[in-house]
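Please read the structure below before turning to the comments.
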Amino acid sequence: MATVPPLPVPHNEWYNHQRVFSASSHGPAGLPSTNATRSFWTHSSPDANPLAREGSQGALTTDADICIIGSGITGVGVAYHLSGIASTEIAPESALKVVILEARDFCAGATGRNGGHLTPAAYEGFDNRISKFGVEEATRSYALEAYTASSLVDIIERYQWTDDVDLVDGGHISLLFTSEEIEEAERDIDAAKRAGWSLEGVTWLDKGVVEATFGAPYPGVKSPGHNVWPLKLVTKLYQHAKARAGEHFDLTLHTHTPVTSMVKAPSTDSAANREYVLSTPRGSITCSRVVHATNAYASHLLPFLAGPDGIVPARGQVLATRASVSTKEIKTNGWGGNEGFEYWFPRPVGDADEKPLVILGGGREATSPVFELYIDDDSTCNPKVGEALRAFLPAVFEGKFDRGSDPEMEWTGIMGYTSTGDPFVGPVDKLFHGGASEYSGQYIAAGYTGHGMPRAFGCAEVIAQMIISELSGKEWKHPEWLPTRYLTWEQSRSRN
């Protein structure tokens with residue numbers, strides 16, 4: 001029997017990760033770094049980010065109905081959904097004026113730095129969620145991700161963006177490296193079946209099948225999933241929302257315009273119903289509503305969200321490395337493993353003989369007991385994480401990646417983690433028992449815990465619907481796919 005080669009990362013570290021997460025406490029996040037590492041998505045070609053500096057020169061918009069802070073999948077997602085709803089819910093005389101404010105280049109945060117996966121959770125964590133929340137609420141966790149991923153795929157296909165955003169429908173395989181992972185996967189799949197959740201497309205792969213097909217000597221589970229160029233997708237969403245501008249809706253983007261502070265507008269602005277003044281190095285802008293789409297950086301403007309009860313920055317590291325064999329041997333599916341700490345997929349190739357570029361992220365467990373938690377600086381890479389990532393694929397796929405080879409690009413990005421793994425979605429004032437009038441008109445969708453692509457766009461839709469409901473005087477309707485526990489009024493707590 002062949003010996004399975006040791007992996008360059010420790011196993012079964014999630015428990016320790018959560019223990020460190022909860023035991024630590026730090027101050028609010030700073031602003032995003034001004035000299036961030038360059039990701040493949042944003043800097044692999046001169047035209048990768050055509051909106052990089054959009055609106056960074058010239059006059060700053062000084063007045064808006066809604067200011068969205070952040071231009072990733074959440075912020076642009078809110079604008080996209082508002083642009084669609086406004087045409088039927090907003091009268092021309094009340095045309096909605098929306099401004100997106102971004103601290104750096106367009107989509108330069110986590111969305112522009114992630115691993116490129118658009119894969120909804122199919123069963124992972126089902127048993128634990130049922131024990132915590134019950135069957136109905138647990139099932140909504142997976143319904144949200146399925147809805148979000150399918151919505152994005154539908155949009156991409158409807159507008160024929162598949163080639164533009166490099167959408168690949170290859171599925172996703174989770175490798176199970178340890179007996180603990182195998183047992184947990186079996187429990188979760190069984191729990192999903194008992195709950196009546198559809199496992200269509202989910203297949204258990206024995207070690208022999210995985211090894212014969214892919215060259216990795218581990219069992220795994222294959223589930224539906226896509227990979228995508230996230231920045232190009234968000235660019236398309238913004239351009240589509242911008243094209244909808246007209247008598248019901250207007251959209252402006254200002255990059256390199258960080259919001260440094262936010263205060264209540266003086267009473268002299270009450271005639272325009274403006275609630276807030278947002279300060280930036282380029283000047284101030286007044287607005288009636290604010291959407292915090294800043295994920296890991298949310299506590300910069302909302303300092304009460306600092307620490308383990310709020311949103312904790314966690315630095316992820318990703319590299320782009322070339323395989324030593326063709327796509328025929330690598331295949332086209334995405335991958336995950338080691339309790340989800342590692343994730344990777346091969347980029348599409350131009351011809352069959354080309355050796356694919358593989359985008360690999362992870363390695364935080366190699367820094368235990370730190371895990372790169374409470375780090376909001378993406379201007380550097382951690383050498384220890386880089387060492388683990390460089391050795392990972394050659395160890396998992398013997399002979400398909402060259403040992404000791406350097407990646408073509410390497411970068412970091414800051415994720416927003418919560419102690420529960422669930423995001424905050426809804427009005428900010430509802431995070432306080434009894435509300436807090438100083439936050440009235442502010443909304444948040446943040447804290448995706450490393451799983452933003454199959455969550456954020458759906459949460460952005462919820463925020464857009466809440467805002468439109470408020471503006472139109474209609475009751476907001478809770479989507480059946482949205483977990484109740486995500487809502488801010490369900491996560492409220494006493495604030496000083």
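By convention here, the chains of the structure tokens are called A, B, ... in the order presented, each chain's residues are numbered starting at 1, and ligands are numbered starting at 1 in the order presented.
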
Determine, counting only C-alpha atoms, which protein, DNA and RNA residues have an atom within 8 Å of an atom of A:Glu342; residues of the same chain fewer than 3 positions away are not included. Present the result as a ChimeraX atom specification.
/A:336-339,360-363

Would you mind exporting all heavy atoms of the selected residues as a short mmCIF file (atom, residue, chain, number, x, y, z; two decimals), in the first residue's frame?
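Here's the written file selection36.cif:
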data_model
loop_
_atom_site.label_atom_id
_atom_site.label_comp_id
_atom_site.auth_asym_id
_atom_site.auth_seq_id
_atom_site.Cartn_x
_atom_site.Cartn_y
_atom_site.Cartn_z
N GLY A 336 -11.32 22.13 -2.57
CA GLY A 336 -11.14 22.62 -1.22
C GLY A 336 -10.64 21.48 -0.37
O GLY A 336 -10.72 20.31 -0.76
N GLY A 337 -10.09 21.79 0.79
CA GLY A 337 -9.61 20.73 1.66
C GLY A 337 -9.15 21.26 3.00
O GLY A 337 -9.05 22.48 3.21
N ASN A 338 -8.89 20.32 3.92
CA ASN A 338 -8.38 20.65 5.25
C ASN A 338 -9.31 21.59 5.99
O ASN A 338 -8.92 22.68 6.39
CB ASN A 338 -6.97 21.24 5.15
CG ASN A 338 -6.18 21.08 6.43
OD1 ASN A 338 -6.46 20.19 7.23
ND2 ASN A 338 -5.19 21.93 6.64
N GLU A 339 -10.56 21.14 6.14
CA GLU A 339 -11.62 21.92 6.80
C GLU A 339 -11.90 23.25 6.09
O GLU A 339 -12.41 24.18 6.69
CB GLU A 339 -11.25 22.20 8.26
CG GLU A 339 -11.04 20.95 9.10
CD GLU A 339 -10.66 21.28 10.53
OE1 GLU A 339 -9.55 21.82 10.73
OE2 GLU A 339 -11.48 21.02 11.44
N LEU A 360 -4.42 29.29 -5.86
CA LEU A 360 -4.46 28.55 -4.59
C LEU A 360 -4.45 29.53 -3.42
O LEU A 360 -3.58 30.40 -3.34
CB LEU A 360 -3.25 27.62 -4.50
CG LEU A 360 -2.93 27.03 -3.11
CD1 LEU A 360 -4.03 26.06 -2.65
CD2 LEU A 360 -1.57 26.35 -3.12
N GLY A 361 -5.41 29.38 -2.53
CA GLY A 361 -5.45 30.20 -1.32
C GLY A 361 -5.47 29.34 -0.07
O GLY A 361 -5.81 28.16 -0.11
N GLY A 362 -5.09 29.95 1.05
CA GLY A 362 -5.13 29.23 2.32
C GLY A 362 -3.85 29.43 3.11
O GLY A 362 -3.19 30.46 3.03
N GLY A 363 -3.52 28.39 3.89
CA GLY A 363 -2.28 28.41 4.66
C GLY A 363 -2.34 29.14 5.98
O GLY A 363 -1.33 29.20 6.69
#

Enumerate as a count of residues only all residues of stretch 227-359 of chain A assigned to strand (DSSP E or B) by DSSP on the backbone, naming them with the chain letters and numbers the document uses.
49

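When only C-alpha atoms are used to measure the gap to A:Thr148, the shortest distance among A:Arg364, A:Lys236, A:Arg485, A:His451 belongs to A:His451.
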
Between atom CA of A:Asp353 and atom CA of A:Asn333, measure the distance and give it in Å to one decimal.
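Computing the Euclidean distance for atom CA of A:Asp353 and atom CA of A:Asn333 yields 17.5 Å.
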
Within 10 Å of stretch 395-397 of chain A using only C-alpha atoms, minus same-chain residues under 6 positions, as a list in words:
Val4, Pro5, Pro6, Leu7, Pro8, Leu175, Phe177, Glu211, Phe214, Gly215, Ala216, Pro217, Tyr218, Ile330 and Arg403 of chain A

Those same residues, written as a PDB file, in the first residue's frame with C-alpha atoms?
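Result file is part.pdb:
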ATOM      1  CA  VAL A   4       0.332   9.093   1.658  1.00  0.00           C
ATOM      2  CA  PRO A   5       2.845  11.946   1.646  1.00  0.00           C
ATOM      3  CA  PRO A   6       2.660  14.347   4.613  1.00  0.00           C
ATOM      4  CA  LEU A   7       1.050  17.699   3.955  1.00  0.00           C
ATOM      5  CA  PRO A   8       2.818  20.977   4.749  1.00  0.00           C
ATOM      6  CA  LEU A 175     -10.825  16.520  -0.251  1.00  0.00           C
ATOM      7  CA  PHE A 177      -7.491  14.512   4.550  1.00  0.00           C
ATOM      8  CA  GLU A 211      -6.552   8.862  -6.943  1.00  0.00           C
ATOM      9  CA  PHE A 214      -7.091  13.141 -10.215  1.00  0.00           C
ATOM     10  CA  GLY A 215      -3.955  11.708  -8.639  1.00  0.00           C
ATOM     11  CA  ALA A 216      -4.755  12.667  -5.035  1.00  0.00           C
ATOM     12  CA  PRO A 217      -4.767   9.749  -2.540  1.00  0.00           C
ATOM     13  CA  TYR A 218      -7.749  10.931  -0.485  1.00  0.00           C
ATOM     14  CA  ILE A 330      -5.618  18.561 -13.810  1.00  0.00           C
ATOM     15  CA  ARG A 403       8.407  21.175  -5.961  1.00  0.00           C
TER      16      ARG A 403
END

Report, in Å with one decimal, the straight-line distance from atom CA of A:Ile69 to atom CA of A:Thr119.
25.7 Å

Using DSSP on the backbone coordinates, identify the residues of stretch 26-247 of chain A assigned to helix (DSSP H, G or I); present them as a short mmCIF file (atom, residue, chain, number, x, y, z; two decimals) with N, CA and C atoms, in the first residue's frame.
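Printed below is states_1.cif as written:
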data_model
loop_
_atom_site.label_atom_id
_atom_site.label_comp_id
_atom_site.auth_asym_id
_atom_site.auth_seq_id
_atom_site.Cartn_x
_atom_site.Cartn_y
_atom_site.Cartn_z
N PHE A 40 -3.77 38.66 -8.90
CA PHE A 40 -3.92 38.24 -10.29
C PHE A 40 -5.13 38.89 -10.92
N TRP A 41 -6.23 38.96 -10.18
CA TRP A 41 -7.48 39.47 -10.72
C TRP A 41 -7.37 40.94 -11.11
N THR A 42 -6.63 41.71 -10.33
CA THR A 42 -6.59 43.16 -10.54
C THR A 42 -5.39 43.63 -11.36
N HIS A 43 -4.31 42.83 -11.41
CA HIS A 43 -3.09 43.34 -12.01
C HIS A 43 -2.38 42.38 -12.97
N ILE A 73 -18.39 43.00 -4.27
CA ILE A 73 -19.61 42.32 -4.69
C ILE A 73 -20.82 42.79 -3.89
N THR A 74 -20.63 43.18 -2.63
CA THR A 74 -21.76 43.67 -1.83
C THR A 74 -22.19 45.06 -2.27
N GLY A 75 -21.24 46.01 -2.28
CA GLY A 75 -21.59 47.39 -2.62
C GLY A 75 -22.15 47.52 -4.01
N VAL A 76 -21.47 46.92 -4.99
CA VAL A 76 -21.98 46.96 -6.36
C VAL A 76 -23.27 46.16 -6.47
N GLY A 77 -23.36 45.08 -5.71
CA GLY A 77 -24.60 44.29 -5.71
C GLY A 77 -25.79 45.10 -5.25
N VAL A 78 -25.63 45.90 -4.19
CA VAL A 78 -26.72 46.76 -3.73
C VAL A 78 -27.12 47.74 -4.84
N ALA A 79 -26.12 48.37 -5.47
CA ALA A 79 -26.42 49.31 -6.56
C ALA A 79 -27.12 48.60 -7.72
N TYR A 80 -26.68 47.42 -8.06
CA TYR A 80 -27.30 46.65 -9.16
C TYR A 80 -28.77 46.38 -8.84
N HIS A 81 -29.05 45.91 -7.65
CA HIS A 81 -30.44 45.60 -7.30
C HIS A 81 -31.29 46.86 -7.20
N LEU A 82 -30.72 47.93 -6.66
CA LEU A 82 -31.47 49.19 -6.61
C LEU A 82 -31.82 49.67 -8.01
N SER A 83 -30.89 49.53 -8.94
CA SER A 83 -31.14 49.99 -10.31
C SER A 83 -32.29 49.23 -10.95
N GLY A 84 -32.46 47.98 -10.59
CA GLY A 84 -33.55 47.19 -11.15
C GLY A 84 -34.89 47.47 -10.51
N ILE A 85 -34.88 47.68 -9.19
CA ILE A 85 -36.13 47.90 -8.46
C ILE A 85 -36.66 49.32 -8.67
N ALA A 86 -35.74 50.27 -8.83
CA ALA A 86 -36.13 51.68 -8.89
C ALA A 86 -37.10 51.98 -10.02
N SER A 87 -36.95 51.29 -11.14
CA SER A 87 -37.78 51.59 -12.30
C SER A 87 -39.26 51.34 -12.06
N THR A 88 -39.58 50.47 -11.11
CA THR A 88 -40.99 50.18 -10.83
C THR A 88 -41.46 50.74 -9.50
N GLU A 89 -40.53 51.06 -8.59
CA GLU A 89 -40.92 51.47 -7.25
C GLU A 89 -40.64 52.93 -6.94
N PRO A 92 -40.39 59.17 -10.99
CA PRO A 92 -39.36 60.01 -11.64
C PRO A 92 -39.02 61.26 -10.83
N GLU A 93 -40.04 61.87 -10.21
CA GLU A 93 -39.77 63.10 -9.45
C GLU A 93 -38.96 62.82 -8.19
N SER A 94 -38.84 61.54 -7.82
CA SER A 94 -38.04 61.15 -6.65
C SER A 94 -36.87 60.27 -7.06
N ALA A 110 -11.63 42.46 -0.67
CA ALA A 110 -11.63 41.01 -0.67
C ALA A 110 -12.14 40.42 -1.98
N THR A 111 -13.15 41.05 -2.60
CA THR A 111 -13.69 40.51 -3.85
C THR A 111 -12.64 40.46 -4.95
N GLY A 112 -11.78 41.46 -4.99
CA GLY A 112 -10.73 41.51 -5.99
C GLY A 112 -9.47 40.75 -5.59
N PHE A 126 -23.95 20.97 8.17
CA PHE A 126 -25.41 20.80 8.32
C PHE A 126 -25.77 20.24 9.68
N ASP A 127 -25.06 19.24 10.13
CA ASP A 127 -25.39 18.60 11.41
C ASP A 127 -25.29 19.60 12.56
N ASN A 128 -24.22 20.38 12.57
CA ASN A 128 -24.03 21.37 13.64
C ASN A 128 -25.09 22.46 13.58
N ARG A 129 -25.45 22.89 12.38
CA ARG A 129 -26.45 23.95 12.27
C ARG A 129 -27.82 23.46 12.73
N ILE A 130 -28.16 22.23 12.43
CA ILE A 130 -29.44 21.70 12.91
C ILE A 130 -29.48 21.68 14.43
N SER A 131 -28.38 21.25 15.04
CA SER A 131 -28.35 21.18 16.50
C SER A 131 -28.44 22.57 17.13
N LYS A 132 -27.94 23.59 16.44
CA LYS A 132 -27.96 24.95 16.97
C LYS A 132 -29.25 25.70 16.67
N PHE A 133 -29.76 25.53 15.44
CA PHE A 133 -30.83 26.40 14.96
C PHE A 133 -32.13 25.69 14.59
N VAL A 135 -34.09 22.58 12.05
CA VAL A 135 -34.04 22.18 10.65
C VAL A 135 -34.34 23.34 9.70
N GLU A 136 -35.41 24.10 9.97
CA GLU A 136 -35.82 25.14 9.03
C GLU A 136 -34.74 26.21 8.87
N GLU A 137 -34.22 26.70 10.01
CA GLU A 137 -33.21 27.75 9.94
C GLU A 137 -31.90 27.23 9.37
N ALA A 138 -31.55 26.01 9.70
CA ALA A 138 -30.33 25.42 9.14
C ALA A 138 -30.44 25.32 7.62
N THR A 139 -31.58 24.89 7.15
CA THR A 139 -31.78 24.72 5.71
C THR A 139 -31.66 26.06 4.97
N ARG A 140 -32.10 27.14 5.60
CA ARG A 140 -31.98 28.45 4.96
C ARG A 140 -30.53 28.85 4.70
N SER A 141 -29.61 28.34 5.52
CA SER A 141 -28.19 28.64 5.30
C SER A 141 -27.76 28.21 3.90
N TYR A 142 -28.25 27.06 3.48
CA TYR A 142 -27.88 26.49 2.18
C TYR A 142 -28.76 27.05 1.07
N ALA A 143 -30.01 27.38 1.41
CA ALA A 143 -30.90 27.99 0.43
C ALA A 143 -30.37 29.36 -0.02
N LEU A 144 -29.86 30.15 0.93
CA LEU A 144 -29.29 31.46 0.58
C LEU A 144 -28.14 31.31 -0.40
N GLU A 145 -27.22 30.39 -0.11
CA GLU A 145 -26.05 30.24 -0.97
C GLU A 145 -26.43 29.69 -2.34
N ALA A 146 -27.37 28.77 -2.36
CA ALA A 146 -27.84 28.24 -3.65
C ALA A 146 -28.52 29.35 -4.45
N TYR A 147 -29.34 30.15 -3.78
CA TYR A 147 -30.02 31.26 -4.46
C TYR A 147 -29.03 32.27 -5.00
N THR A 148 -28.05 32.65 -4.19
CA THR A 148 -27.08 33.66 -4.60
C THR A 148 -26.26 33.19 -5.79
N ALA A 149 -25.73 31.98 -5.69
CA ALA A 149 -24.90 31.46 -6.79
C ALA A 149 -25.71 31.32 -8.07
N SER A 150 -26.91 30.78 -7.96
CA SER A 150 -27.73 30.59 -9.16
C SER A 150 -28.16 31.93 -9.75
N SER A 151 -28.40 32.94 -8.90
CA SER A 151 -28.76 34.27 -9.41
C SER A 151 -27.63 34.85 -10.23
N LEU A 152 -26.41 34.74 -9.73
CA LEU A 152 -25.26 35.28 -10.46
C LEU A 152 -25.03 34.53 -11.76
N VAL A 153 -25.14 33.21 -11.72
CA VAL A 153 -24.96 32.42 -12.94
C VAL A 153 -26.05 32.77 -13.96
N ASP A 154 -27.28 32.94 -13.48
CA ASP A 154 -28.38 33.31 -14.39
C ASP A 154 -28.11 34.66 -15.05
N ILE A 155 -27.63 35.62 -14.27
CA ILE A 155 -27.33 36.94 -14.83
C ILE A 155 -26.22 36.84 -15.87
N ILE A 156 -25.18 36.10 -15.54
CA ILE A 156 -24.05 35.93 -16.46
C ILE A 156 -24.51 35.31 -17.78
N GLU A 157 -25.33 34.30 -17.69
CA GLU A 157 -25.79 33.62 -18.90
C GLU A 157 -26.82 34.45 -19.66
N ARG A 158 -27.68 35.15 -18.93
CA ARG A 158 -28.72 35.96 -19.59
C ARG A 158 -28.11 37.07 -20.43
N SER A 179 -9.42 11.35 9.22
CA SER A 179 -10.59 10.55 9.61
C SER A 179 -11.67 11.45 10.21
N GLU A 180 -11.24 12.51 10.91
CA GLU A 180 -12.20 13.44 11.49
C GLU A 180 -13.01 14.14 10.41
N GLU A 181 -12.34 14.55 9.33
CA GLU A 181 -13.04 15.20 8.23
C GLU A 181 -14.01 14.23 7.55
N ILE A 182 -13.59 12.99 7.38
CA ILE A 182 -14.46 11.98 6.76
C ILE A 182 -15.71 11.79 7.59
N GLU A 183 -15.54 11.63 8.90
CA GLU A 183 -16.69 11.40 9.79
C GLU A 183 -17.63 12.61 9.81
N GLU A 184 -17.05 13.79 9.82
CA GLU A 184 -17.89 14.99 9.82
C GLU A 184 -18.68 15.11 8.52
N ALA A 185 -18.05 14.83 7.39
CA ALA A 185 -18.75 14.89 6.11
C ALA A 185 -19.89 13.88 6.06
N GLU A 186 -19.65 12.71 6.59
CA GLU A 186 -20.71 11.69 6.62
C GLU A 186 -21.88 12.14 7.48
N ARG A 187 -21.58 12.74 8.63
CA ARG A 187 -22.66 13.24 9.50
C ARG A 187 -23.45 14.35 8.81
N ASP A 188 -22.73 15.26 8.16
CA ASP A 188 -23.40 16.39 7.53
C ASP A 188 -24.28 15.95 6.37
N ILE A 189 -23.79 15.04 5.57
CA ILE A 189 -24.59 14.55 4.44
C ILE A 189 -25.83 13.82 4.94
N ASP A 190 -25.66 13.03 5.99
CA ASP A 190 -26.81 12.32 6.58
C ASP A 190 -27.81 13.32 7.15
N ALA A 191 -27.32 14.37 7.82
CA ALA A 191 -28.21 15.39 8.39
C ALA A 191 -28.98 16.11 7.29
N ALA A 192 -28.30 16.42 6.17
CA ALA A 192 -28.97 17.09 5.06
C ALA A 192 -30.07 16.21 4.48
N LYS A 193 -29.80 14.93 4.36
CA LYS A 193 -30.81 14.01 3.84
C LYS A 193 -32.01 13.95 4.77
N ARG A 194 -31.76 13.85 6.06
CA ARG A 194 -32.85 13.77 7.03
C ARG A 194 -33.68 15.06 7.06
N ALA A 195 -33.02 16.18 6.76
CA ALA A 195 -33.73 17.47 6.75
C ALA A 195 -34.52 17.67 5.47
N LYS A 207 -11.49 7.05 -2.08
CA LYS A 207 -10.08 7.36 -2.28
C LYS A 207 -9.57 6.81 -3.61
N GLY A 208 -9.96 5.59 -3.95
CA GLY A 208 -9.48 4.98 -5.19
C GLY A 208 -9.93 5.75 -6.42
N VAL A 209 -11.15 6.25 -6.38
CA VAL A 209 -11.69 7.01 -7.51
C VAL A 209 -10.93 8.33 -7.65
N VAL A 210 -10.73 9.03 -6.55
CA VAL A 210 -10.02 10.31 -6.59
C VAL A 210 -8.59 10.11 -7.07
N GLU A 211 -7.95 9.09 -6.57
CA GLU A 211 -6.55 8.86 -6.94
C GLU A 211 -6.42 8.49 -8.41
N ALA A 212 -7.33 7.63 -8.89
CA ALA A 212 -7.27 7.20 -10.29
C ALA A 212 -7.62 8.33 -11.25
N THR A 213 -8.54 9.19 -10.84
CA THR A 213 -9.02 10.25 -11.72
C THR A 213 -8.17 11.52 -11.64
N PHE A 214 -7.75 11.86 -10.42
CA PHE A 214 -7.09 13.14 -10.21
C PHE A 214 -5.66 13.04 -9.67
N PRO A 230 -13.66 37.19 -10.42
CA PRO A 230 -14.59 38.00 -9.62
C PRO A 230 -14.60 39.48 -9.98
N LEU A 231 -13.43 40.08 -10.21
CA LEU A 231 -13.39 41.49 -10.56
C LEU A 231 -14.14 41.76 -11.85
N LYS A 232 -13.97 40.91 -12.85
CA LYS A 232 -14.66 41.13 -14.13
C LYS A 232 -16.17 41.00 -13.96
N LEU A 233 -16.61 40.10 -13.09
CA LEU A 233 -18.03 39.97 -12.83
C LEU A 233 -18.57 41.24 -12.18
N VAL A 234 -17.89 41.75 -11.16
CA VAL A 234 -18.36 42.95 -10.48
C VAL A 234 -18.31 44.16 -11.42
N THR A 235 -17.31 44.21 -12.30
CA THR A 235 -17.24 45.28 -13.30
C THR A 235 -18.47 45.25 -14.19
N LYS A 236 -18.84 44.07 -14.66
CA LYS A 236 -20.02 43.93 -15.51
C LYS A 236 -21.29 44.35 -14.76
N LEU A 237 -21.40 43.96 -13.50
CA LEU A 237 -22.58 44.32 -12.72
C LEU A 237 -22.68 45.84 -12.56
N TYR A 238 -21.54 46.48 -12.29
CA TYR A 238 -21.57 47.94 -12.16
C TYR A 238 -21.95 48.60 -13.48
N GLN A 239 -21.33 48.16 -14.55
CA GLN A 239 -21.62 48.77 -15.86
C GLN A 239 -23.08 48.58 -16.24
N HIS A 240 -23.66 47.44 -15.90
CA HIS A 240 -25.06 47.21 -16.20
C HIS A 240 -25.96 48.12 -15.37
N ALA A 241 -25.62 48.28 -14.09
CA ALA A 241 -26.40 49.17 -13.24
C ALA A 241 -26.28 50.62 -13.72
N LYS A 242 -25.09 51.00 -14.12
CA LYS A 242 -24.85 52.36 -14.62
C LYS A 242 -25.66 52.61 -15.90
N ALA A 243 -25.76 51.59 -16.75
CA ALA A 243 -26.51 51.72 -18.00
C ALA A 243 -28.00 51.89 -17.76
#

Given the choices A:Gln57, A:Ala320, A:Ser45, A:Phe341, which gets closest to A:Asn12 if the distance is worked out from only C-alpha atoms?
A:Phe341

For atom CA of A:Leu482 and atom CA of A:Ile444, quote the distance in Å rounded to one decimal.
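Separating atom CA of A:Leu482 from atom CA of A:Ile444 is a distance of 15.1 Å.
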
Leaving out A:Leu101 and any residue of its chain fewer than 6 positions from it, which residues lie within 8 Å of it when counting only C-alpha atoms, given as a PyMOL selection string?
chain A and resi 67-71+253-259

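For the residues A:Thr327, A:Ser437, A:Gln317, A:Ser261, ranking by smallest atom-to-atom distance to A:Asn382 using only C-alpha atoms places A:Gln317 first.
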
May I ask which of the residues A:Glu13, A:Asp250, A:Glu354, A:Glu329 is the closest one to A:Ala95, counting only C-alpha atoms?
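Distance minimum relative to A:Ala95 lands on A:Asp250.
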
Need the shell around A:Phe106: protein/DNA/RNA residues with any atom at most 8 Å away, counting only C-alpha atoms. Skip same-chain ones fewer than 5 positions apart. Format as an MDAnalysis selection string?
chainID A and resid 49 51:54 71:72 255

From the list A:Ala446, A:Val202, A:Val425, A:Val277, which residue is nearest A:Gln465 when using only C-alpha atoms?
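Residue with the minimum atom-to-atom distance to A:Gln465: A:Val425.
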